[in-house]
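Just below is one structure, and these are the notes that go with it.
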Amino acid sequence: YNFKINGSLSDSIEREIFLTGFYDKDRFDYLNKFIRNYNFEYFFDIGSYIGFYSLYFSHFIKIPNVISFEPNEINFKRLKNNIVLNNSNIISHNIACSNFNGNGEVWFNDINKTGGSSIINPKDKEILKYNSSKIIYRPIRLKTLDSMYEKMFNKNILIKIDVERYEINVLEGSSKILKNNNVLMQIEAMPEQKKIVFEFLYNYNFYHISSIDNDHFFTNFIKL
C-alpha cells in the first residue's frame with residue numbers, strides 16, 4: 001500500500017499488520033467504495049495510534065490533507081517516526097480532541113500496550129476494572145477540533161474517531177465542522193456509548209449508513 005510501518009511484534013495490532021499486511025481491512029474496503037466517487041480534501045485521524053489509517057489515506061488513497069491526533073506521548077513518538085520513515089506530509093498533533101481547551105490526563109494499564117489509552121473521564125467506569133496500582137497516567141493537552149480548524153467550510157472531509165469511550169466529547173468539540181462541511185465518518189462506539197453518539201449525530205443531520213462490529217459509519221451528504 002505504498003508505505004512502511006515501524007512496529008513491534010509484542011503488540012497484537014502491529015502483529016496483525018506484520019502477519020497480514022493490513023489492519024481493519026473490512027473497514028477500508030467499505031470506505032473505499034465512497035472515496036472513489038467523491039473528492040475528499042481532508043482526513044482527520046482522531047486517535048491515530050502509530051498511524052496506519054493516516055499513512056493509508058495519505059500514501060495509498062492520496063487524500064491531500066491528512067491530519068493525525070494522538071494524545072499518548074509514547075504512541076505519538078512512534079507515529080512521528082512512521083511519518084518520517086515514509087517522508088510523509090501528514091500533519092500530526094500530540095493532543096486529545098475534546099469539547100473544551102485545557103489540560104487533562106490519559107491513562108493505560110500496560111506500558112507495552114498503549115493502543116487502548118483513554119482520556120480521564122468521570123463518566124467512564126472502565127478504569128475501575130483494573131488494579132489502581134498498575135494504572136499509568138500521563139498529562140495531555142485537550143483542544144476542540146472547531147478551535148483548530150474554525151475557518152473550514154464546504155469541504156469534503158473523511159473523519160475516523162477511535163478514542164476509547166470519549167467519542168461524545170470529541171463530537172461536541174467538532175460541532176461547527178460537522179455542521180458546515182460534507183462529512184463521511186467512521187466512529188467507534190461501544191454499546192454503552194452507542195445511543196448518545198447516534199442521537200448527537202442525528203441531531204446534526206447525519207444518517208447511519210452501516211456498522212462493522214463497534215465501528216459505525218455516518219454521513220451528512222452521501223446519498224445511497
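Within each chain, counting starts at residue 1; across the C-alpha cells, chains are named A, B, ... in the order shown, with ligands numbered 1 upward in that order.
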
Could you give me, as JSON lines, a per-residue list for range 30-78 of chain A showing, wherever an atom lies at most 9 Å from an atom of range 151-174 of chain A, the closest pair of atoms and their distance in Å to one decimal, using only C-alpha atoms and sorting by chain then residue number from low to high?
```
{"residue": "A:Ile35", "atom": "CA", "partner": "A:Leu158", "partner_atom": "CA", "distance": 8.9}
{"residue": "A:Tyr38", "atom": "CA", "partner": "A:Asn156", "partner_atom": "CA", "distance": 7.9}
{"residue": "A:Asn39", "atom": "CA", "partner": "A:Asn156", "partner_atom": "CA", "distance": 6.7}
{"residue": "A:Phe40", "atom": "CA", "partner": "A:Asn156", "partner_atom": "CA", "distance": 4.8}
{"residue": "A:Glu41", "atom": "CA", "partner": "A:Asn156", "partner_atom": "CA", "distance": 5.6}
{"residue": "A:Tyr42", "atom": "CA", "partner": "A:Ile157", "partner_atom": "CA", "distance": 4.8}
{"residue": "A:Phe43", "atom": "CA", "partner": "A:Leu158", "partner_atom": "CA", "distance": 4.7}
{"residue": "A:Phe44", "atom": "CA", "partner": "A:Ile159", "partner_atom": "CA", "distance": 4.8}
{"residue": "A:Asp45", "atom": "CA", "partner": "A:Lys160", "partner_atom": "CA", "distance": 5.1}
{"residue": "A:Ile46", "atom": "CA", "partner": "A:Ile161", "partner_atom": "CA", "distance": 4.8}
{"residue": "A:Gly47", "atom": "CA", "partner": "A:Asp162", "partner_atom": "CA", "distance": 5.1}
{"residue": "A:Ser48", "atom": "CA", "partner": "A:Asp162", "partner_atom": "CA", "distance": 7.7}
{"residue": "A:Tyr53", "atom": "CA", "partner": "A:Lys160", "partner_atom": "CA", "distance": 8.4}
```

Dump of all heavy atoms for the selected residues, as a short mmCIF file (atom, residue, chain, number, x, y, z; two decimals), in the first residue's frame:
```cif
data_model
loop_
_atom_site.label_atom_id
_atom_site.label_comp_id
_atom_site.auth_asym_id
_atom_site.auth_seq_id
_atom_site.Cartn_x
_atom_site.Cartn_y
_atom_site.Cartn_z
N ILE A 35 -14.95 6.66 -1.39
CA ILE A 35 -13.82 7.54 -1.68
C ILE A 35 -13.54 7.60 -3.17
O ILE A 35 -13.11 8.63 -3.70
CB ILE A 35 -12.59 7.07 -0.88
CG1 ILE A 35 -12.83 7.33 0.60
CG2 ILE A 35 -11.32 7.78 -1.34
CD1 ILE A 35 -11.81 6.71 1.51
N TYR A 38 -15.99 10.40 -4.56
CA TYR A 38 -16.03 11.75 -4.01
C TYR A 38 -14.59 12.26 -3.80
O TYR A 38 -13.69 11.49 -3.47
CB TYR A 38 -16.78 11.78 -2.68
CG TYR A 38 -18.24 11.40 -2.82
CD1 TYR A 38 -18.65 10.08 -2.71
CD2 TYR A 38 -19.21 12.37 -3.07
CE1 TYR A 38 -19.99 9.74 -2.85
CE2 TYR A 38 -20.54 12.04 -3.21
CZ TYR A 38 -20.93 10.71 -3.10
OH TYR A 38 -22.24 10.37 -3.24
N ASN A 39 -14.44 13.55 -3.99
CA ASN A 39 -13.12 14.15 -3.85
C ASN A 39 -12.93 14.62 -2.41
O ASN A 39 -13.24 15.75 -2.06
CB ASN A 39 -12.99 15.33 -4.82
CG ASN A 39 -11.64 16.02 -4.72
OD1 ASN A 39 -10.64 15.39 -4.37
ND2 ASN A 39 -11.61 17.30 -5.01
N PHE A 40 -12.39 13.73 -1.58
CA PHE A 40 -12.14 14.11 -0.19
C PHE A 40 -10.87 14.94 -0.10
O PHE A 40 -9.80 14.52 -0.56
CB PHE A 40 -12.06 12.87 0.70
CG PHE A 40 -13.40 12.27 1.00
CD1 PHE A 40 -13.91 11.26 0.20
CD2 PHE A 40 -14.16 12.74 2.06
CE1 PHE A 40 -15.15 10.71 0.45
CE2 PHE A 40 -15.42 12.21 2.32
CZ PHE A 40 -15.92 11.19 1.51
N GLU A 41 -10.99 16.10 0.53
CA GLU A 41 -9.86 17.02 0.63
C GLU A 41 -9.10 16.87 1.94
O GLU A 41 -7.93 17.22 2.03
CB GLU A 41 -10.38 18.46 0.52
CG GLU A 41 -11.13 18.73 -0.78
CD GLU A 41 -12.06 19.91 -0.68
OE1 GLU A 41 -11.60 21.05 -0.94
OE2 GLU A 41 -13.24 19.71 -0.31
N TYR A 42 -9.79 16.35 2.98
CA TYR A 42 -9.18 16.21 4.31
C TYR A 42 -9.52 14.85 4.91
O TYR A 42 -10.62 14.32 4.70
CB TYR A 42 -9.70 17.29 5.26
CG TYR A 42 -9.18 18.68 4.97
CD1 TYR A 42 -9.82 19.48 4.03
CD2 TYR A 42 -8.06 19.17 5.62
CE1 TYR A 42 -9.34 20.75 3.75
CE2 TYR A 42 -7.58 20.44 5.34
CZ TYR A 42 -8.22 21.23 4.41
OH TYR A 42 -7.75 22.49 4.13
N PHE A 43 -8.57 14.32 5.65
CA PHE A 43 -8.82 13.17 6.51
C PHE A 43 -8.35 13.51 7.90
O PHE A 43 -7.18 13.81 8.13
CB PHE A 43 -8.09 11.92 6.01
CG PHE A 43 -8.15 10.76 6.96
CD1 PHE A 43 -9.38 10.31 7.46
CD2 PHE A 43 -6.99 10.12 7.39
CE1 PHE A 43 -9.44 9.24 8.35
CE2 PHE A 43 -7.05 9.05 8.27
CZ PHE A 43 -8.27 8.61 8.75
N PHE A 44 -9.28 13.49 8.87
CA PHE A 44 -8.95 13.68 10.28
C PHE A 44 -8.89 12.31 10.94
O PHE A 44 -9.89 11.60 11.01
CB PHE A 44 -10.00 14.55 10.98
CG PHE A 44 -9.98 15.99 10.58
CD1 PHE A 44 -11.16 16.66 10.29
CD2 PHE A 44 -8.80 16.70 10.52
CE1 PHE A 44 -11.17 18.00 9.93
CE2 PHE A 44 -8.78 18.04 10.16
CZ PHE A 44 -9.97 18.70 9.87
N ASP A 45 -7.72 11.97 11.44
CA ASP A 45 -7.50 10.68 12.11
C ASP A 45 -7.42 10.94 13.61
O ASP A 45 -6.35 11.25 14.15
CB ASP A 45 -6.20 10.06 11.58
CG ASP A 45 -5.98 8.63 12.07
OD1 ASP A 45 -6.84 8.12 12.81
OD2 ASP A 45 -4.95 8.04 11.72
N ILE A 46 -8.56 10.81 14.28
CA ILE A 46 -8.65 11.18 15.69
C ILE A 46 -8.51 9.92 16.54
O ILE A 46 -9.41 9.09 16.60
CB ILE A 46 -9.98 11.90 15.97
CG1 ILE A 46 -10.08 13.15 15.08
CG2 ILE A 46 -10.08 12.28 17.45
CD1 ILE A 46 -11.40 13.88 15.18
N GLY A 47 -7.36 9.80 17.18
CA GLY A 47 -6.95 8.57 17.85
C GLY A 47 -6.16 7.73 16.87
O GLY A 47 -6.53 6.63 16.50
N SER A 48 -5.02 8.27 16.44
CA SER A 48 -4.31 7.69 15.30
C SER A 48 -3.34 6.57 15.66
O SER A 48 -2.84 5.87 14.77
CB SER A 48 -3.55 8.78 14.54
OG SER A 48 -2.67 9.45 15.40
N TYR A 53 -3.99 4.26 9.65
CA TYR A 53 -5.04 4.93 8.87
C TYR A 53 -4.48 6.17 8.16
O TYR A 53 -4.76 6.40 6.98
CB TYR A 53 -6.19 5.34 9.78
CG TYR A 53 -7.27 4.31 9.96
CD1 TYR A 53 -7.10 3.23 10.82
CD2 TYR A 53 -8.50 4.41 9.30
CE1 TYR A 53 -8.10 2.28 11.00
CE2 TYR A 53 -9.50 3.47 9.48
CZ TYR A 53 -9.30 2.41 10.33
OH TYR A 53 -10.29 1.48 10.51
#
```

Looking only at alpha helix (DSSP H) from DSSP on the backbone, list the matching residues of range 55-156 of chain A as a PyMOL selection string.
chain A and resi 55+73-85+145-148

Pairwise distance for CA of Pro71 in chain A and CA of Val106 in chain A, rounded to one decimal in Å:
7.3 Å

Min atom-atom distance to Ile187 in chain A from the set A:Phe218, A:Phe28, A:Phe3, A:Tyr149, counting only C-alpha atoms, belongs to A:Phe218

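When DSSP reads the backbone of this structure, the residues of range 35-66 of chain A it assigns to strand (DSSP E) are Tyr42, Phe43, Phe44, Asp45, Ile46, Asn65 and Val66 of chain A.
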
Selection file, C-alpha atoms, as a PDB file, in the first residue's frame:
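Result file follows (out-v5.pdb):
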```pdb
ATOM      1  CA  TYR A  42      -9.185  16.209   4.305  1.00  0.00           C
ATOM      2  CA  PHE A  43      -8.824  13.168   6.509  1.00  0.00           C
ATOM      3  CA  PHE A  44      -8.946  13.681  10.278  1.00  0.00           C
ATOM      4  CA  ASP A  45      -7.496  10.677  12.106  1.00  0.00           C
ATOM      5  CA  ILE A  46      -8.646  11.182  15.694  1.00  0.00           C
ATOM      6  CA  ASN A  65      -4.533  16.818   3.682  1.00  0.00           C
ATOM      7  CA  VAL A  66      -4.137  14.131   6.339  1.00  0.00           C
TER       8      VAL A  66
END
```

Residues of range 94-187 of chain A that approach range 12-25 of chain A to 12 Å or less, counting only C-alpha atoms: could you list each one with the shortest pair of atoms and its distance in Å to one decimal, rows by chain and increasing residue number, as CSV?
```
residue,atom,partner,partner_atom,distance
A:Asn112,CA,A:Ser12,CA,10.4
A:Lys113,CA,A:Ser12,CA,8.4
A:Thr114,CA,A:Ile13,CA,10.6
A:Gly115,CA,A:Ile13,CA,8.2
A:Gly116,CA,A:Ile13,CA,10.6
A:Gln186,CA,A:Asp24,CA,11.8
```
